[in-house]
>>> print(open('upload_11.cif').read())   # mmCIF, N, CA and C atoms
data_input
loop_
_atom_site.label_atom_id
_atom_site.label_comp_id
_atom_site.auth_asym_id
_atom_site.auth_seq_id
_atom_site.Cartn_x
_atom_site.Cartn_y
_atom_site.Cartn_z
N MET Y 1 15.22 34.19 -8.88
CA MET Y 1 15.42 32.84 -9.38
C MET Y 1 14.83 31.87 -8.35
N SER Y 2 13.99 30.95 -8.80
CA SER Y 2 13.36 30.01 -7.87
C SER Y 2 14.37 28.95 -7.42
N LEU Y 3 13.97 28.23 -6.40
CA LEU Y 3 14.85 27.21 -5.83
C LEU Y 3 15.16 26.11 -6.85
N THR Y 4 14.14 25.65 -7.56
CA THR Y 4 14.38 24.58 -8.54
C THR Y 4 15.30 25.05 -9.66
N GLU Y 5 15.17 26.30 -10.08
CA GLU Y 5 16.06 26.83 -11.12
C GLU Y 5 17.49 26.92 -10.62
N ARG Y 6 17.65 27.31 -9.35
CA ARG Y 6 19.00 27.38 -8.78
C ARG Y 6 19.64 26.00 -8.71
N ILE Y 7 18.84 25.00 -8.33
CA ILE Y 7 19.36 23.63 -8.24
C ILE Y 7 19.75 23.12 -9.63
N GLU Y 8 18.89 23.37 -10.61
CA GLU Y 8 19.17 22.89 -11.96
C GLU Y 8 20.37 23.60 -12.60
N SER Y 9 20.60 24.86 -12.24
CA SER Y 9 21.70 25.60 -12.85
C SER Y 9 23.03 25.44 -12.11
N ALA Y 10 23.02 24.76 -10.97
CA ALA Y 10 24.26 24.55 -10.21
C ALA Y 10 25.22 23.71 -11.04
N ALA Y 11 26.49 24.11 -11.05
CA ALA Y 11 27.47 23.45 -11.91
C ALA Y 11 28.22 22.32 -11.21
N ASN Y 12 28.33 22.38 -9.87
CA ASN Y 12 29.12 21.35 -9.20
C ASN Y 12 28.52 20.99 -7.85
N LYS Y 13 29.15 20.05 -7.18
CA LYS Y 13 28.66 19.54 -5.90
C LYS Y 13 28.69 20.60 -4.81
N ASP Y 14 29.70 21.47 -4.84
CA ASP Y 14 29.81 22.51 -3.82
C ASP Y 14 28.62 23.45 -3.86
N GLU Y 15 28.22 23.86 -5.07
CA GLU Y 15 27.08 24.74 -5.21
C GLU Y 15 25.80 24.04 -4.74
N LEU Y 16 25.65 22.77 -5.11
CA LEU Y 16 24.47 22.03 -4.68
C LEU Y 16 24.43 21.87 -3.17
N GLU Y 17 25.59 21.63 -2.57
CA GLU Y 17 25.64 21.50 -1.12
C GLU Y 17 25.26 22.80 -0.44
N LYS Y 18 25.74 23.92 -0.98
CA LYS Y 18 25.44 25.23 -0.42
C LYS Y 18 23.93 25.52 -0.50
N ILE Y 19 23.32 25.21 -1.63
CA ILE Y 19 21.88 25.41 -1.80
C ILE Y 19 21.10 24.51 -0.82
N GLY Y 20 21.53 23.28 -0.71
CA GLY Y 20 20.87 22.34 0.20
C GLY Y 20 20.91 22.80 1.64
N LYS Y 21 22.06 23.30 2.08
CA LYS Y 21 22.19 23.76 3.46
C LYS Y 21 21.38 25.03 3.71
N GLU Y 22 21.48 26.00 2.79
CA GLU Y 22 20.82 27.29 2.99
C GLU Y 22 19.30 27.20 2.85
N GLU Y 23 18.85 26.55 1.80
CA GLU Y 23 17.42 26.58 1.48
C GLU Y 23 16.63 25.43 2.12
N LEU Y 24 17.21 24.25 2.13
CA LEU Y 24 16.46 23.07 2.56
C LEU Y 24 16.91 22.53 3.91
N GLY Y 25 18.03 22.99 4.42
CA GLY Y 25 18.54 22.48 5.69
C GLY Y 25 19.02 21.04 5.59
N VAL Y 26 19.50 20.65 4.41
CA VAL Y 26 19.95 19.28 4.15
C VAL Y 26 21.42 19.31 3.78
N ASP Y 27 22.18 18.39 4.37
CA ASP Y 27 23.59 18.27 4.03
C ASP Y 27 23.71 17.27 2.88
N ALA Y 28 24.15 17.73 1.73
CA ALA Y 28 24.27 16.86 0.55
C ALA Y 28 25.45 15.91 0.73
N ASP Y 29 25.26 14.68 0.31
CA ASP Y 29 26.31 13.67 0.38
C ASP Y 29 27.20 13.81 -0.85
N LYS Y 30 28.39 14.35 -0.66
CA LYS Y 30 29.26 14.66 -1.78
C LYS Y 30 29.92 13.41 -2.38
N ARG Y 31 29.68 12.26 -1.77
CA ARG Y 31 30.21 11.03 -2.35
C ARG Y 31 29.39 10.60 -3.56
N LYS Y 32 28.17 11.12 -3.65
CA LYS Y 32 27.29 10.78 -4.78
C LYS Y 32 27.62 11.67 -5.96
N GLY Y 33 27.09 11.32 -7.11
CA GLY Y 33 27.30 12.10 -8.31
C GLY Y 33 26.48 13.37 -8.31
N VAL Y 34 26.86 14.32 -9.17
CA VAL Y 34 26.19 15.62 -9.25
C VAL Y 34 24.72 15.44 -9.59
N GLU Y 35 24.42 14.59 -10.57
CA GLU Y 35 23.03 14.40 -10.98
C GLU Y 35 22.21 13.73 -9.89
N THR Y 36 22.81 12.84 -9.13
CA THR Y 36 22.10 12.19 -8.03
C THR Y 36 21.78 13.19 -6.94
N ILE Y 37 22.74 14.02 -6.59
CA ILE Y 37 22.52 15.06 -5.58
C ILE Y 37 21.44 16.02 -6.07
N ARG Y 38 21.53 16.41 -7.35
CA ARG Y 38 20.56 17.34 -7.92
C ARG Y 38 19.15 16.75 -7.85
N ALA Y 39 19.01 15.48 -8.21
CA ALA Y 39 17.69 14.83 -8.19
C ALA Y 39 17.15 14.77 -6.76
N ASP Y 40 18.01 14.48 -5.80
CA ASP Y 40 17.60 14.40 -4.40
C ASP Y 40 17.13 15.77 -3.91
N LEU Y 41 17.89 16.82 -4.22
CA LEU Y 41 17.51 18.16 -3.79
C LEU Y 41 16.23 18.63 -4.47
N LEU Y 42 16.06 18.30 -5.74
CA LEU Y 42 14.82 18.68 -6.44
C LEU Y 42 13.62 17.98 -5.81
N GLU Y 43 13.79 16.73 -5.44
CA GLU Y 43 12.71 15.98 -4.81
C GLU Y 43 12.34 16.62 -3.47
N ARG Y 44 13.35 16.99 -2.70
CA ARG Y 44 13.09 17.62 -1.41
C ARG Y 44 12.49 19.01 -1.58
N ALA Y 45 12.92 19.74 -2.59
CA ALA Y 45 12.39 21.07 -2.84
C ALA Y 45 10.91 21.00 -3.23
N GLU Y 46 10.54 19.97 -3.98
CA GLU Y 46 9.14 19.82 -4.37
C GLU Y 46 8.28 19.40 -3.20
N SER Y 47 8.79 18.61 -2.28
CA SER Y 47 8.00 18.16 -1.14
C SER Y 47 7.95 19.20 -0.03
N THR Y 48 8.91 20.11 0.04
CA THR Y 48 8.95 21.10 1.11
C THR Y 48 7.78 22.09 1.05
N PRO Y 49 7.41 22.68 -0.08
CA PRO Y 49 6.30 23.63 -0.06
C PRO Y 49 4.99 22.99 0.38
N ALA Y 50 4.75 21.75 0.07
CA ALA Y 50 3.53 21.08 0.49
C ALA Y 50 3.50 20.95 2.01
N GLN Y 51 4.63 20.69 2.63
CA GLN Y 51 4.69 20.58 4.08
C GLN Y 51 4.51 21.94 4.72
N GLU Y 52 5.07 22.99 4.15
CA GLU Y 52 4.95 24.32 4.72
C GLU Y 52 3.52 24.82 4.64
N GLU Y 53 2.79 24.48 3.58
CA GLU Y 53 1.41 24.90 3.45
C GLU Y 53 0.52 24.17 4.44
N SER Y 54 0.79 22.89 4.70
CA SER Y 54 -0.05 22.13 5.61
C SER Y 54 0.25 22.49 7.07
N ALA Y 55 1.46 22.89 7.39
CA ALA Y 55 1.83 23.20 8.76
C ALA Y 55 1.04 24.39 9.32
N PRO Y 56 0.88 25.54 8.62
CA PRO Y 56 0.09 26.63 9.19
C PRO Y 56 -1.36 26.24 9.39
N ALA Y 57 -1.92 25.40 8.53
CA ALA Y 57 -3.30 24.98 8.70
C ALA Y 57 -3.47 24.20 9.99
N GLU Y 58 -2.49 23.37 10.33
CA GLU Y 58 -2.55 22.62 11.57
C GLU Y 58 -2.43 23.56 12.77
N ASP Y 59 -1.58 24.58 12.68
CA ASP Y 59 -1.44 25.53 13.76
C ASP Y 59 -2.73 26.29 13.99
N ASP Y 60 -3.42 26.70 12.92
CA ASP Y 60 -4.68 27.41 13.05
C ASP Y 60 -5.73 26.52 13.70
N ALA Y 61 -5.74 25.25 13.33
CA ALA Y 61 -6.71 24.31 13.89
C ALA Y 61 -6.45 24.10 15.38
N ASN Y 62 -5.19 24.05 15.80
CA ASN Y 62 -4.85 23.83 17.20
C ASN Y 62 -5.19 25.03 18.06
N THR Y 63 -5.11 26.24 17.52
CA THR Y 63 -5.40 27.42 18.31
C THR Y 63 -6.88 27.59 18.55
N SER Y 64 -7.73 27.08 17.65
CA SER Y 64 -9.16 27.23 17.82
C SER Y 64 -9.78 26.10 18.63
N VAL Y 65 -9.03 25.08 18.99
CA VAL Y 65 -9.54 23.94 19.74
C VAL Y 65 -9.51 24.25 21.22
N THR Y 66 -10.60 23.91 21.92
CA THR Y 66 -10.63 24.11 23.36
C THR Y 66 -9.80 23.03 24.03
N PRO Y 67 -9.33 23.24 25.27
CA PRO Y 67 -8.49 22.25 25.93
C PRO Y 67 -9.15 20.89 26.07
N SER Y 68 -10.45 20.82 26.31
CA SER Y 68 -11.10 19.52 26.47
C SER Y 68 -11.11 18.75 25.15
N GLU Y 69 -11.30 19.48 24.02
CA GLU Y 69 -11.27 18.83 22.72
C GLU Y 69 -9.84 18.43 22.36
N GLY Y 70 -8.88 19.24 22.78
CA GLY Y 70 -7.47 18.94 22.51
C GLY Y 70 -7.03 17.66 23.18
N ASP Y 71 -7.60 17.35 24.36
CA ASP Y 71 -7.24 16.13 25.07
C ASP Y 71 -7.78 14.90 24.35
N SER Y 72 -8.97 15.00 23.75
CA SER Y 72 -9.56 13.83 23.11
C SER Y 72 -8.97 13.59 21.71
N THR Y 73 -8.49 14.63 21.05
CA THR Y 73 -7.97 14.49 19.70
C THR Y 73 -6.74 13.59 19.64
N PRO Y 74 -5.72 13.77 20.50
CA PRO Y 74 -4.58 12.87 20.42
C PRO Y 74 -4.95 11.42 20.73
N ALA Y 75 -5.90 11.22 21.62
CA ALA Y 75 -6.31 9.86 21.96
C ALA Y 75 -6.97 9.19 20.75
N ALA Y 76 -7.67 9.98 19.96
CA ALA Y 76 -8.31 9.43 18.77
C ALA Y 76 -7.26 9.07 17.72
N GLN Y 77 -6.14 9.76 17.72
CA GLN Y 77 -5.11 9.51 16.73
C GLN Y 77 -4.23 8.31 17.09
N ILE Y 78 -4.16 7.97 18.34
CA ILE Y 78 -3.31 6.87 18.79
C ILE Y 78 -3.76 5.54 18.19
N PRO Y 79 -5.06 5.19 18.18
CA PRO Y 79 -5.43 3.92 17.55
C PRO Y 79 -5.08 3.85 16.07
N GLU Y 80 -5.16 5.00 15.37
CA GLU Y 80 -4.79 4.99 13.96
C GLU Y 80 -3.33 4.60 13.79
N ALA Y 81 -2.48 5.13 14.65
CA ALA Y 81 -1.06 4.80 14.57
C ALA Y 81 -0.83 3.33 14.89
N SER Y 82 -1.56 2.81 15.88
CA SER Y 82 -1.35 1.41 16.26
C SER Y 82 -1.90 0.47 15.19
N GLN Y 83 -2.92 0.89 14.43
CA GLN Y 83 -3.45 0.06 13.37
C GLN Y 83 -2.40 -0.17 12.29
N THR Y 84 -1.66 0.87 11.97
CA THR Y 84 -0.64 0.71 10.94
C THR Y 84 0.51 -0.16 11.44
N GLU Y 85 0.78 -0.11 12.75
CA GLU Y 85 1.87 -0.92 13.30
C GLU Y 85 1.46 -2.38 13.41
N ASP Y 86 0.16 -2.67 13.63
CA ASP Y 86 -0.29 -4.03 13.81
C ASP Y 86 -0.31 -4.81 12.51
N LYS Y 87 -0.39 -4.13 11.38
CA LYS Y 87 -0.43 -4.83 10.11
C LYS Y 87 0.90 -5.52 9.85
N PRO Y 88 0.88 -6.80 9.57
CA PRO Y 88 2.15 -7.48 9.29
C PRO Y 88 2.69 -7.05 7.94
N GLU Y 89 3.99 -6.98 7.86
CA GLU Y 89 4.62 -6.61 6.60
C GLU Y 89 4.49 -7.78 5.63
N PRO Y 90 4.48 -7.48 4.35
CA PRO Y 90 4.37 -8.58 3.38
C PRO Y 90 5.52 -9.56 3.56
N ASP Y 91 5.17 -10.84 3.50
CA ASP Y 91 6.20 -11.86 3.68
C ASP Y 91 7.14 -11.88 2.49
N GLU Y 92 8.40 -11.75 2.78
CA GLU Y 92 9.42 -11.83 1.75
C GLU Y 92 9.90 -13.27 1.71
N PRO Y 93 10.11 -13.81 0.53
CA PRO Y 93 10.60 -15.19 0.47
C PRO Y 93 11.99 -15.29 1.10
N LYS Y 94 12.16 -16.29 1.92
CA LYS Y 94 13.46 -16.48 2.57
C LYS Y 94 14.44 -17.04 1.55
N PRO Y 95 15.67 -16.56 1.58
CA PRO Y 95 16.65 -17.09 0.63
C PRO Y 95 17.02 -18.52 0.99
N ARG Y 96 17.30 -19.29 -0.03
CA ARG Y 96 17.76 -20.66 0.19
C ARG Y 96 19.16 -20.61 0.76
N LEU Y 97 19.41 -21.45 1.75
CA LEU Y 97 20.71 -21.44 2.41
C LEU Y 97 21.42 -22.77 2.24
N LEU Y 98 22.73 -22.69 2.22
CA LEU Y 98 23.59 -23.86 2.18
C LEU Y 98 24.47 -23.83 3.42
N ARG Y 99 24.81 -25.02 3.94
CA ARG Y 99 25.65 -25.09 5.13
C ARG Y 99 26.86 -25.97 4.84
N HIS Y 100 28.01 -25.49 5.28
CA HIS Y 100 29.25 -26.27 5.16
C HIS Y 100 29.21 -27.34 6.25
N ARG Y 101 29.37 -28.60 5.86
CA ARG Y 101 29.26 -29.71 6.82
C ARG Y 101 30.37 -29.68 7.86
N GLY Y 102 31.54 -29.20 7.51
CA GLY Y 102 32.68 -29.23 8.43
C GLY Y 102 32.62 -28.14 9.49
N ASN Y 103 32.38 -26.92 9.09
CA ASN Y 103 32.44 -25.84 10.06
C ASN Y 103 31.09 -25.18 10.34
N GLY Y 104 30.02 -25.55 9.63
CA GLY Y 104 28.68 -25.04 9.90
C GLY Y 104 28.38 -23.66 9.36
N ARG Y 105 29.30 -23.10 8.61
CA ARG Y 105 29.10 -21.77 8.05
C ARG Y 105 27.96 -21.80 7.04
N LEU Y 106 27.11 -20.74 7.05
CA LEU Y 106 25.97 -20.65 6.14
C LEU Y 106 26.29 -19.76 4.95
N PHE Y 107 25.77 -20.15 3.79
CA PHE Y 107 25.94 -19.39 2.55
C PHE Y 107 24.59 -19.29 1.87
N THR Y 108 24.40 -18.23 1.08
CA THR Y 108 23.21 -18.16 0.25
C THR Y 108 23.37 -19.15 -0.90
N TYR Y 109 22.26 -19.62 -1.39
CA TYR Y 109 22.27 -20.69 -2.38
C TYR Y 109 22.88 -20.25 -3.71
N SER Y 110 23.71 -21.08 -4.26
CA SER Y 110 24.18 -20.96 -5.63
C SER Y 110 24.36 -22.39 -6.14
N ALA Y 111 24.07 -22.60 -7.40
CA ALA Y 111 24.15 -23.94 -7.97
C ALA Y 111 25.56 -24.50 -7.89
N GLU Y 112 26.54 -23.63 -8.09
CA GLU Y 112 27.94 -24.07 -8.06
C GLU Y 112 28.34 -24.55 -6.67
N LEU Y 113 27.92 -23.82 -5.64
CA LEU Y 113 28.23 -24.24 -4.28
C LEU Y 113 27.47 -25.48 -3.89
N ALA Y 114 26.20 -25.57 -4.32
CA ALA Y 114 25.37 -26.72 -3.96
C ALA Y 114 25.94 -28.02 -4.55
N ALA Y 115 26.69 -27.94 -5.61
CA ALA Y 115 27.27 -29.12 -6.25
C ALA Y 115 28.44 -29.70 -5.46
N LYS Y 116 29.02 -28.93 -4.57
CA LYS Y 116 30.16 -29.40 -3.77
C LYS Y 116 29.68 -30.46 -2.78
N ARG Y 117 30.49 -31.45 -2.51
CA ARG Y 117 30.06 -32.56 -1.66
C ARG Y 117 30.07 -32.19 -0.17
N HIS Y 118 30.82 -31.18 0.23
CA HIS Y 118 30.87 -30.80 1.64
C HIS Y 118 29.85 -29.73 1.98
N ILE Y 119 28.96 -29.43 1.05
CA ILE Y 119 27.91 -28.43 1.26
C ILE Y 119 26.56 -29.12 1.20
N GLU Y 120 25.68 -28.78 2.16
CA GLU Y 120 24.33 -29.33 2.14
C GLU Y 120 23.32 -28.19 2.28
N GLU Y 121 22.13 -28.39 1.70
CA GLU Y 121 21.09 -27.36 1.75
C GLU Y 121 20.38 -27.44 3.11
N VAL Y 122 20.12 -26.26 3.67
CA VAL Y 122 19.46 -26.20 4.97
C VAL Y 122 17.97 -26.15 4.80
#
>>> encode(input="upload_11.cif", output="structure tokens")
Amino acid sequence: MSLTERIESAANKDELEKIGKEELGVDADKRKGVETIRADLLERAESTPAQEESAPAEDDANTSVTPSEGDSTPAAQIPEASQTEDKPEPDEPKPRLLRHRGNGRLFTYSAELAAKRHIEEV
């Protein structure tokens, strides 16, 4: 029986947790519903074989590289990582805020609160 079939045929959270620990090394959150846990485990099960197939290819590539080439390869990868970090994240609109005139407490905007005379928009 394949892993996805075992996940789909599991009847309760305990069985799903056991499959997650044994096969995927993941501790299932039993506070979630059975279907949510099942969907999460299925997603991880589908992504795991792709990672396992790519990992041996990287190991083979590393064993055939000479030490001098191995030193230059990580340096070439560092700028790629920094390029992704330098990109600014998309600007999210800031929420409108209201401030209580008496105590200075801030609230997110609501029409009902904005109508109060002791509240002003920031």
>>> atom_distance(input="upload_11.cif", atom1="CA of Lys13 (chain Y)", atom2="atom N of Glu46 (chain Y)")
18.2 Å
>>> atom_distance(input="upload_11.cif", atom1="atom N of Glu121 (chain Y)", atom2="CA of Asp91 (chain Y)")
23.0 Å
>>> select_by_dssp(input="upload_11.cif", residues="region 1-36 of chain Y", states="helix (DSSP H, G or I)", output="number ranges by chain")
Y: 3-9, 13-24, 34-36
>>> atom_distance(input="upload_11.cif", atom1="atom C of Ala45 (chain Y)", atom2="CA of Thr4 (chain Y)")
7.3 Å
>>> residues_around(input="upload_11.cif", residues="Gly25 (chain Y)", least_positions_apart="5", cutoff="12 Å", atoms="only C-alpha atoms", output="PyMOL selection string")
chain Y and resi 16-20+41+44-45+48
>>> write_last_selection(input="upload_11.cif", atoms="N, CA and C atoms", output="PDB file, in the frame of the given file")
ATOM      1  N   LEU Y  16      25.650  22.770  -5.110  1.00  0.00           N
ATOM      2  CA  LEU Y  16      24.470  22.030  -4.680  1.00  0.00           C
ATOM      3  C   LEU Y  16      24.430  21.870  -3.170  1.00  0.00           C
ATOM      4  N   GLU Y  17      25.590  21.630  -2.570  1.00  0.00           N
ATOM      5  CA  GLU Y  17      25.640  21.500  -1.120  1.00  0.00           C
ATOM      6  C   GLU Y  17      25.260  22.800  -0.440  1.00  0.00           C
ATOM      7  N   LYS Y  18      25.740  23.920  -0.980  1.00  0.00           N
ATOM      8  CA  LYS Y  18      25.440  25.230  -0.420  1.00  0.00           C
ATOM      9  C   LYS Y  18      23.930  25.520  -0.500  1.00  0.00           C
ATOM     10  N   ILE Y  19      23.320  25.210  -1.630  1.00  0.00           N
ATOM     11  CA  ILE Y  19      21.880  25.410  -1.800  1.00  0.00           C
ATOM     12  C   ILE Y  19      21.100  24.510  -0.820  1.00  0.00           C
ATOM     13  N   GLY Y  20      21.530  23.280  -0.710  1.00  0.00           N
ATOM     14  CA  GLY Y  20      20.870  22.340   0.200  1.00  0.00           C
ATOM     15  C   GLY Y  20      20.910  22.800   1.640  1.00  0.00           C
ATOM     16  N   LEU Y  41      17.890  16.820  -4.220  1.00  0.00           N
ATOM     17  CA  LEU Y  41      17.510  18.160  -3.790  1.00  0.00           C
ATOM     18  C   LEU Y  41      16.230  18.630  -4.470  1.00  0.00           C
ATOM     19  N   ARG Y  44      13.350  16.990  -2.700  1.00  0.00           N
ATOM     20  CA  ARG Y  44      13.090  17.620  -1.410  1.00  0.00           C
ATOM     21  C   ARG Y  44      12.490  19.010  -1.580  1.00  0.00           C
ATOM     22  N   ALA Y  45      12.920  19.740  -2.590  1.00  0.00           N
ATOM     23  CA  ALA Y  45      12.390  21.070  -2.840  1.00  0.00           C
ATOM     24  C   ALA Y  45      10.910  21.000  -3.230  1.00  0.00           C
ATOM     25  N   THR Y  48       8.910  20.110   0.040  1.00  0.00           N
ATOM     26  CA  THR Y  48       8.950  21.100   1.110  1.00  0.00           C
ATOM     27  C   THR Y  48       7.780  22.090   1.050  1.00  0.00           C
TER      28      THR Y  48
END
>>> closest_residue(input="upload_11.cif", among="Y:Lys116, Y:Asp27, Y:Val34, Y:Pro95", to="Asn12 (chain Y)", atoms="all atoms listed in the file")
Y:Val34
>>> residues_around(input="upload_11.cif", residues="region 97-110 of chain Y", least_positions_apart="2", cutoff="6 Å", atoms="all atoms listed in the file", output="list in words")
Pro95, Glu112, Leu113, Ala114, His118, Ile119, Glu120, Glu121 and Val122 of chain Y
>>> write_last_selection(input="upload_11.cif", atoms="N, CA and C atoms", output="PDB file, keeping the file's coordinate frame")
ATOM      1  N   PRO Y  95      15.670 -16.560   1.580  1.00  0.00           N
ATOM      2  CA  PRO Y  95      16.650 -17.090   0.630  1.00  0.00           C
ATOM      3  C   PRO Y  95      17.020 -18.520   0.990  1.00  0.00           C
ATOM      4  N   GLU Y 112      26.540 -23.630  -8.090  1.00  0.00           N
ATOM      5  CA  GLU Y 112      27.940 -24.070  -8.060  1.00  0.00           C
ATOM      6  C   GLU Y 112      28.340 -24.550  -6.670  1.00  0.00           C
ATOM      7  N   LEU Y 113      27.920 -23.820  -5.640  1.00  0.00           N
ATOM      8  CA  LEU Y 113      28.230 -24.240  -4.280  1.00  0.00           C
ATOM      9  C   LEU Y 113      27.470 -25.480  -3.890  1.00  0.00           C
ATOM     10  N   ALA Y 114      26.200 -25.570  -4.320  1.00  0.00           N
ATOM     11  CA  ALA Y 114      25.370 -26.720  -3.960  1.00  0.00           C
ATOM     12  C   ALA Y 114      25.940 -28.020  -4.550  1.00  0.00           C
ATOM     13  N   HIS Y 118      30.820 -31.180   0.230  1.00  0.00           N
ATOM     14  CA  HIS Y 118      30.870 -30.800   1.640  1.00  0.00           C
ATOM     15  C   HIS Y 118      29.850 -29.730   1.980  1.00  0.00           C
ATOM     16  N   ILE Y 119      28.960 -29.430   1.050  1.00  0.00           N
ATOM     17  CA  ILE Y 119      27.910 -28.430   1.260  1.00  0.00           C
ATOM     18  C   ILE Y 119      26.560 -29.120   1.200  1.00  0.00           C
ATOM     19  N   GLU Y 120      25.680 -28.780   2.160  1.00  0.00           N
ATOM     20  CA  GLU Y 120      24.330 -29.330   2.140  1.00  0.00           C
ATOM     21  C   GLU Y 120      23.320 -28.190   2.280  1.00  0.00           C
ATOM     22  N   GLU Y 121      22.130 -28.390   1.700  1.00  0.00           N
ATOM     23  CA  GLU Y 121      21.090 -27.360   1.750  1.00  0.00           C
ATOM     24  C   GLU Y 121      20.380 -27.440   3.110  1.00  0.00           C
ATOM     25  N   VAL Y 122      20.120 -26.260   3.670  1.00  0.00           N
ATOM     26  CA  VAL Y 122      19.460 -26.200   4.970  1.00  0.00           C
ATOM     27  C   VAL Y 122      17.970 -26.150   4.800  1.00  0.00           C
TER      28      VAL Y 122
END
>>> axis_aligned_box(input="upload_11.cif", around="region 108-114 of chain Y", padding_each_side="5 Å", output="JSON")
{"center_x": 25.3, "center_y": -23.1, "center_z": -3.5, "size_x": 16.1, "size_y": 19.9, "size_z": 19.2}
>>> closest_residue(input="upload_11.cif", among="Y:Arg38, Y:Arg117, Y:Arg31, Y:Arg96", to="Ile7 (chain Y)", atoms="all atoms listed in the file")
Y:Arg38
